[in-house]
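**Q** Please find input.cif (mmCIF, C-alpha atoms and all ligand atoms) on the next line:
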```cif
data_start
#
loop_
_atom_site.label_atom_id
_atom_site.label_comp_id
_atom_site.auth_asym_id
_atom_site.auth_seq_id
_atom_site.Cartn_x
_atom_site.Cartn_y
_atom_site.Cartn_z
CA MET G 1 31.89 22.06 1.86
CA ASP G 2 34.27 23.41 4.50
CA ARG G 3 33.84 21.94 7.98
CA TYR G 4 34.36 23.74 11.29
CA TYR G 5 34.53 21.60 14.41
CA ILE G 6 34.13 23.24 17.82
CA LYS G 7 33.98 21.89 21.36
CA ILE G 8 31.20 24.00 22.80
CA CYS G 9 28.98 26.90 21.77
CA ASN G 10 25.58 28.38 22.61
CA SER G 11 23.96 27.15 19.42
CA THR G 12 25.62 26.08 16.17
CA ASN G 13 22.95 28.11 14.32
CA ASP G 14 24.18 31.22 16.16
CA THR G 15 27.84 30.35 15.50
CA ALA G 16 26.92 29.85 11.84
CA LYS G 17 25.33 33.35 11.79
CA PHE G 18 28.47 34.80 13.33
CA PHE G 19 30.63 33.04 10.70
CA ILE G 20 28.39 34.38 7.90
CA GLU G 21 28.69 37.92 9.28
CA SER G 22 32.47 37.44 9.54
CA GLY G 23 32.63 36.63 5.82
CA VAL G 24 33.33 32.90 5.99
CA GLU G 25 32.90 31.41 2.53
CA ILE G 26 29.57 29.65 1.93
CA PRO G 27 28.85 26.72 1.87
CA PHE G 28 30.15 25.43 5.19
CA VAL G 29 29.09 23.38 8.18
CA VAL G 30 29.64 24.00 11.89
CA ILE G 31 29.66 20.99 14.22
CA SER G 32 29.85 21.28 17.98
CA GLU G 33 30.31 18.61 20.67
CA GLU G 34 27.97 20.46 23.02
CA GLN G 35 25.57 23.40 23.00
CA THR G 36 24.71 25.46 26.06
CA ARG G 37 21.65 27.08 24.49
CA GLY G 38 20.56 24.69 21.76
CA ARG G 39 17.35 25.85 20.13
CA GLY G 40 14.43 23.84 18.79
CA GLN G 41 11.30 24.77 16.94
CA GLN G 42 8.70 27.12 18.51
CA GLY G 43 11.38 28.70 20.67
CA ARG G 44 11.82 25.48 22.64
CA LYS G 45 15.23 24.47 23.86
CA TRP G 46 17.14 21.56 22.37
CA ILE G 47 18.93 19.77 25.17
CA SER G 48 22.47 19.36 23.88
CA GLN G 49 24.69 17.39 26.19
CA LYS G 50 27.84 15.61 24.97
CA GLY G 51 27.19 12.54 22.86
CA GLY G 52 24.78 14.20 20.44
CA LEU G 53 25.47 15.60 16.98
CA TYR G 54 24.84 19.35 16.70
CA SER G 55 25.34 20.72 13.22
CA SER G 56 24.46 23.79 11.17
CA PHE G 57 24.78 23.72 7.40
CA VAL G 58 25.10 27.08 5.69
CA LEU G 59 24.07 27.27 2.04
CA LYS G 60 23.59 30.23 -0.28
CA ARG G 61 20.01 31.31 0.43
CA ILE G 62 17.43 28.76 -0.73
CA ASP G 63 13.68 28.43 -0.22
CA SER G 64 12.71 27.44 3.36
CA LYS G 65 10.70 24.42 2.18
CA ARG G 66 13.63 23.11 0.18
CA ALA G 67 15.86 23.63 3.24
CA LEU G 68 13.41 21.86 5.51
CA ILE G 69 13.19 18.85 3.17
CA ILE G 70 16.98 18.68 2.73
CA GLY G 71 17.43 18.74 6.52
CA ALA G 72 14.78 16.13 7.27
CA LEU G 73 15.79 13.79 4.44
CA ALA G 74 19.51 14.04 5.23
CA ALA G 75 18.89 13.15 8.88
CA TYR G 76 16.52 10.35 7.86
CA LYS G 77 18.98 8.88 5.33
CA THR G 78 21.82 9.09 7.83
CA LEU G 79 19.90 7.10 10.43
CA ILE G 80 17.93 4.63 8.33
CA SER G 81 20.92 2.31 7.79
CA PHE G 82 21.16 1.88 11.58
CA LEU G 83 17.54 1.64 12.68
CA PRO G 84 13.98 2.09 11.44
CA VAL G 85 13.34 5.83 11.68
CA LYS G 86 10.56 7.88 10.14
CA ILE G 87 10.01 11.53 9.30
CA ARG G 88 6.95 12.93 11.05
CA PHE G 89 5.68 15.74 8.85
CA PRO G 90 7.24 18.15 8.34
CA ASN G 91 10.67 17.51 9.87
CA ASP G 92 10.82 15.49 13.08
CA ILE G 93 12.87 12.32 13.01
CA LEU G 94 11.29 9.62 15.16
CA VAL G 95 11.87 6.08 16.31
CA GLY G 96 8.39 4.85 17.18
CA LYS G 97 6.92 7.82 19.02
CA ARG G 98 10.21 9.16 20.37
CA LYS G 99 12.25 11.90 18.80
CA ILE G 100 15.83 11.11 17.75
CA GLY G 101 16.47 14.13 15.54
CA GLY G 102 15.16 17.54 14.59
CA VAL G 103 15.71 20.33 12.09
CA LEU G 104 15.66 24.08 12.62
CA VAL G 105 15.85 26.22 9.47
CA GLU G 106 16.77 29.88 9.81
CA GLN G 107 17.26 32.47 7.08
CA THR G 108 19.58 35.45 6.81
CA SER G 109 19.47 37.86 3.87
CA GLY G 110 22.00 35.90 1.82
CA ALA G 111 22.20 32.48 3.45
CA THR G 112 20.11 29.60 4.72
CA ILE G 113 21.07 27.80 7.91
CA ILE G 114 19.88 24.22 8.28
CA GLY G 115 20.42 23.22 11.90
CA ILE G 116 20.27 19.45 12.39
CA GLY G 117 20.42 17.73 15.76
CA ILE G 118 20.75 13.94 16.06
CA ASN G 119 20.80 12.08 19.36
CA VAL G 120 23.66 9.62 18.97
CA ASN G 121 25.26 8.35 22.19
CA GLN G 122 23.17 9.86 24.98
CA GLU G 123 22.57 7.29 27.71
CA ALA G 124 19.73 9.20 29.36
CA PHE G 125 17.73 12.39 28.98
CA PRO G 126 16.56 14.89 31.59
CA GLU G 127 13.18 14.27 33.21
CA GLU G 128 11.37 16.85 31.06
CA ILE G 129 12.01 14.99 27.77
CA LYS G 130 12.68 11.47 29.04
CA GLY G 131 9.42 10.07 27.69
CA ILE G 132 9.65 11.70 24.27
CA ALA G 133 13.34 11.53 23.34
CA THR G 134 15.63 8.69 22.37
CA SER G 135 19.13 8.17 20.96
CA LEU G 136 20.83 5.78 18.58
CA PHE G 137 22.58 4.20 21.59
CA LEU G 138 19.36 3.77 23.59
CA GLU G 139 17.70 2.09 20.61
CA THR G 140 20.54 -0.15 19.40
CA GLY G 141 22.74 -0.62 22.47
CA ALA G 142 25.81 0.38 20.43
CA LYS G 143 27.84 3.57 20.65
CA LYS G 144 29.06 5.17 17.44
CA PRO G 145 31.68 7.86 16.98
CA VAL G 146 29.71 11.08 16.52
CA SER G 147 32.22 12.03 13.81
CA GLU G 148 31.18 8.98 11.78
CA ILE G 149 27.52 10.03 11.88
CA ALA G 150 28.55 13.61 11.06
CA ASP G 151 30.48 12.43 7.97
CA ILE G 152 27.45 10.53 6.69
CA LEU G 153 25.16 13.51 7.37
CA ILE G 154 27.47 15.90 5.51
CA CYS G 155 27.55 13.58 2.45
CA GLU G 156 23.76 13.33 2.49
CA VAL G 157 23.31 17.12 2.65
CA GLU G 158 25.85 17.60 -0.16
CA ASP G 159 24.10 15.02 -2.35
CA LEU G 160 20.61 16.42 -1.75
CA GLU G 161 21.71 19.99 -2.28
CA ARG G 162 22.70 19.15 -5.87
CA LEU G 163 19.24 17.79 -6.78
CA ASP G 164 16.33 19.83 -8.03
CA TYR G 165 13.29 20.38 -5.86
CA GLU G 166 11.06 17.91 -7.72
CA LYS G 167 13.53 15.11 -7.10
CA ILE G 168 14.01 15.77 -3.38
CA PHE G 169 10.27 16.24 -2.89
CA GLN G 170 9.60 12.86 -4.53
CA GLU G 171 12.12 11.21 -2.22
CA TYR G 172 10.66 13.00 0.81
CA TYR G 173 7.07 12.15 -0.20
CA LYS G 174 7.94 8.43 -0.30
CA VAL G 175 9.11 8.37 3.32
CA VAL G 176 7.30 11.15 5.18
CA SER G 177 4.63 10.04 7.61
CA LEU G 178 1.39 12.02 7.67
CA ARG G 179 -0.37 9.55 9.93
CA GLY G 180 -2.21 10.48 13.10
CA LYS G 181 -4.36 13.24 14.50
CA CYS G 182 -2.98 16.73 14.83
CA PHE G 183 -3.77 20.32 15.66
CA LEU G 184 -2.79 22.84 13.05
CA HIS G 185 -1.84 26.11 14.73
CA LEU G 186 -2.62 28.73 12.12
CA ARG G 187 -1.50 32.33 11.79
CA GLY G 188 -3.84 34.57 13.75
CA GLY G 189 -4.13 32.09 16.62
CA ARG G 190 -6.72 29.72 15.09
CA GLU G 191 -6.40 26.00 15.86
CA VAL G 192 -7.82 23.21 13.73
CA ALA G 193 -8.04 19.55 14.73
CA CYS G 194 -7.67 17.21 11.75
CA GLU G 195 -5.90 14.35 10.08
CA ILE G 196 -3.67 15.05 7.10
CA LYS G 197 -4.81 13.18 3.99
CA ASP G 198 -2.10 14.34 1.61
CA ILE G 199 0.51 17.00 0.88
CA ASP G 200 1.57 18.55 -2.41
CA GLU G 201 4.91 19.90 -3.64
CA GLU G 202 4.28 23.22 -1.89
CA LEU G 203 3.74 21.24 1.33
CA ASP G 204 0.17 22.51 1.34
CA LEU G 205 -2.12 20.17 3.23
CA ASP G 206 -5.26 18.35 2.22
CA THR G 207 -6.88 17.44 5.55
CA THR G 208 -10.11 16.10 7.00
CA ALA G 209 -10.88 19.75 7.95
CA GLY G 210 -10.11 21.21 4.50
CA PHE G 211 -7.17 22.49 2.53
CA PHE G 212 -4.44 24.55 4.26
CA ASN G 213 -1.57 26.52 2.85
CA PHE G 214 1.70 25.49 4.51
CA ASN G 215 2.70 29.14 4.86
CA ASP G 216 -0.39 29.78 7.02
CA ILE G 217 0.63 27.08 9.51
CA VAL G 218 2.69 28.23 12.47
CA TRP G 219 3.21 24.72 13.81
CA ILE G 220 1.71 21.25 13.83
CA GLU G 221 1.01 19.60 17.15
CA TRP G 222 0.73 15.84 16.74
CA ILE G 223 -1.53 13.93 19.10
CA TYR G 224 -1.36 10.24 19.85
C1 LIG G 301 13.39 20.70 16.68
O1 LIG G 301 12.83 21.34 17.57
O2 LIG G 301 12.99 19.61 16.32
C2 LIG G 301 14.61 21.28 16.01
C3 LIG G 301 15.87 20.92 16.72
C4 LIG G 301 17.12 21.45 16.03
C5 LIG G 301 18.35 21.25 16.88
C6 LIG G 301 19.60 21.62 16.12
S1 LIG G 301 21.06 21.13 16.99
C7 LIG G 301 22.03 22.05 15.90
C8 LIG G 301 21.29 23.34 15.63
N1 LIG G 301 21.59 24.32 16.65
C9 LIG G 301 20.52 24.63 17.39
O3 LIG G 301 20.53 25.43 18.35
N2 LIG G 301 19.47 23.94 16.97
C10 LIG G 301 19.79 23.10 15.85
#
```
Take the structure in this file and express it as structure tokens.
**A**
Amino acid sequence: MDRYYIKICNSTNDTAKFFIESGVEIPFVVISEEQTRGRGQQGRKWISQKGGLYSSFVLKRIDSKRALIIGALAAYKTLISFLPVKIRFPNDILVGKRKIGGVLVEQTSGATIIGIGINVNQEAFPEEIKGIATSLFLETGAKKPVSEIADILICEVEDLERLDYEKIFQEYYKVVSLRGKCFLHLRGGREVACEIKDIDEELDLDTTAGFFNFNDIVWIEWIY
């Protein structure tokens, strides 16, 4: 896929939207060295200082669950050769209990944007996320060219994109962690405390509090 490298932007997902509207040929990826308004899930911000990898992959519109799995698996596979990471369901990339990567999927009418952030060379994080974030450098003591990590990530996304859903789900199912207590925040404002026992191909959840459709879940708050 075509690659667009930029120095700084608000959010690569927003730049990707602008490129789509401008008629840039899909598929493509936008990679920025920094973001001034990086966005995370639930409207949170994604702190995006230099040293991190900020990327948005634009594919012809695909199902959100497929996009989410491609994003999470690609980030996981990129990092697993360097250190023991895990995917916390549905798409947080963790080292132990700290977050090293995240995925933000956004849809337009004709395209799917898979925003993937990976903390690569950051030496420290601001106070507000210090206890919950980590980077490849902080974990291994070695700095890596961000471009090297980006190249691996792009290959992983391209490989996964070619596979059918059953295949990528199987791969995801083998490595995704469902362990721990969580609150399911459901549409309509209801909250349910439970542990997830299993997931199926639709990402619907079998839990200690019953069965939940993934589409009814606004977000999952993990508790340790
Ligand atoms: C999360 O909250 O876990 C999702 C984080 C996603 C961050 C990436 S960085 C590249 C892309 N641009 C954004 O503004 N967000 C995503």
**Q** With all atoms listed in the file as the counted atoms, please give the residues lying no more than 10 Å from Glu139 (chain G), apart from itself and same-chain residues fewer than 4 positions off, as a list of chain:residue names.
**A**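 Surrounding residues, per the criterion: G:Phe82, G:Leu83, G:Pro84, G:Val95, G:Ile100, G:Val120, G:Asn121, G:Thr134, G:Ser135.
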**Q** Export C-alpha atoms of the chosen residues as a PDB file, keeping the file's coordinate frame?
**A**
```pdb
ATOM      1  CA  PHE G  82      21.160   1.880  11.580  1.00  0.00           C
ATOM      2  CA  LEU G  83      17.540   1.640  12.680  1.00  0.00           C
ATOM      3  CA  PRO G  84      13.980   2.090  11.440  1.00  0.00           C
ATOM      4  CA  VAL G  95      11.870   6.080  16.310  1.00  0.00           C
ATOM      5  CA  ILE G 100      15.830  11.110  17.750  1.00  0.00           C
ATOM      6  CA  VAL G 120      23.660   9.620  18.970  1.00  0.00           C
ATOM      7  CA  ASN G 121      25.260   8.350  22.190  1.00  0.00           C
ATOM      8  CA  THR G 134      15.630   8.690  22.370  1.00  0.00           C
ATOM      9  CA  SER G 135      19.130   8.170  20.960  1.00  0.00           C
TER      10      SER G 135
END
```
**Q** Axis-aligned box over every listed atom of ligand LIG 301 (chain G), padded by 8 Å per side: centre and edges in Å to one decimal, as AutoDock Vina command-line options?
**A**
```
--center_x 17.4 --center_y 22.5 --center_z 17.0 --size_x 25.2 --size_y 21.8 --size_z 18.7
```
**Q** Which residue out of G:Pro90, G:Gly188, G:Gly23, G:Gly101 has the minimum interatomic distance to ligand LIG 301 (chain G) when only C-alpha atoms and all ligand atoms are used?
**A**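 Of G:Pro90, G:Gly188, G:Gly23, G:Gly101, the one nearest ligand LIG 301 (chain G) is G:Gly101, counting only C-alpha atoms and all ligand atoms.
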**Q** Any idea what's packed within 12 Å of Ser147 (chain G), counting only C-alpha atoms, ignoring anything in its chain fewer than 3 positions away? Could you give it as a count of residues only?
**A** 20
**Q** Using Å and a single decimal, report how far CA of Ile93 (chain G) sits from CA of Leu138 (chain G).
**A** 15.1 Å
**Q** Tell me, in Å to one decimal, how far atom C10 of ligand LIG 301 (chain G) is from CA of Ile220 (chain G).
**A** 18.3 Å
**Q** Can I get the residues close to ligand LIG 301 (chain G) as a ChimeraX atom specification, where close means within 9 Å and we count all atoms listed in the file?
**A** /G:10-15,30-32,35-48,52-57,91-93,99,101-105,113-118
**Q** Taking only C-alpha atoms into account, which of G:Lys197, G:Gly180, G:Arg162, G:Glu156 comes nearest Thr78 (chain G)?
**A**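 Closest to Thr78 (chain G) of all the choices is G:Glu156.
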**Q** What is the distance between CA of Ala111 (chain G) and CA of Lys60 (chain G), in Å to one decimal?
**A**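 Spanning CA of Ala111 (chain G) to CA of Lys60 (chain G) is a straight-line distance of 4.6 Å.
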**Q** Given the choices G:Leu59, G:Leu136, G:Ile8, G:Ile87, which gets closest to Gly110 (chain G) if the distance is worked out from only C-alpha atoms?
**A** G:Leu59
**Q** Considering all atoms listed in the file, can you say which of G:Tyr165, G:Tyr4, G:Phe137, G:Phe28 comes closest to Leu203 (chain G)?
**A**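 The shortest atom-to-atom distance to Leu203 (chain G) comes from G:Tyr165.
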**Q** Give me the residues near Phe211 (chain G) as a PyMOL selection string, where near means some atom within 10 Å (using only C-alpha atoms) and where sequence neighbours in that chain fewer than 3 positions away do not count.
**A** chain G and resi 196-199+204-208+214
**Q** Limited to C-alpha atoms, could you put the picked residues into a file as a compact mmCIF listing (two decimals), keeping the file's coordinate frame?
**A**
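Listed below is the output, again-v2.txt:
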```
# COMPACT_ATOMS: atom_id res chain seq x y z
CA ILE G 196 -3.67 15.05 7.10
CA LYS G 197 -4.81 13.18 3.99
CA ASP G 198 -2.10 14.34 1.61
CA ILE G 199 0.51 17.00 0.88
CA ASP G 204 0.17 22.51 1.34
CA LEU G 205 -2.12 20.17 3.23
CA ASP G 206 -5.26 18.35 2.22
CA THR G 207 -6.88 17.44 5.55
CA THR G 208 -10.11 16.10 7.00
CA PHE G 214 1.70 25.49 4.51
```
**Q** Quick one: residues within 9 Å of Thr108 (chain G), all atoms listed in the file counted, chain neighbours fewer than 5 positions away excluded, as an mmCIF file with C-alpha atoms, in the frame of the given file?
**A**
```
data_model
loop_
_atom_site.group_PDB
_atom_site.id
_atom_site.type_symbol
_atom_site.label_atom_id
_atom_site.label_comp_id
_atom_site.auth_asym_id
_atom_site.auth_seq_id
_atom_site.Cartn_x
_atom_site.Cartn_y
_atom_site.Cartn_z
ATOM 1 C CA LYS G 17 25.330 33.350 11.790
ATOM 2 C CA ILE G 20 28.390 34.380 7.900
ATOM 3 C CA ARG G 61 20.010 31.310 0.430
ATOM 4 C CA ILE G 113 21.070 27.800 7.910
#
```
**Q** Would you kindly return, as a PyMOL selection string, each protein, DNA or RNA residue with an atom no farther than 10 Å from any atom of Arg190 (chain G), considering only C-alpha atoms and excluding same-chain residues fewer than 4 positions away?
**A** chain G and resi 183-186+217-218
**Q** Determine, counting all atoms listed in the file, every residue of protein, DNA or RNA that lies within 6 Å of (-5.1, 18.8, 12.1) in the file coordinates, then give the result as a PyMOL selection string.
**A** chain G and resi 182-184+192-195
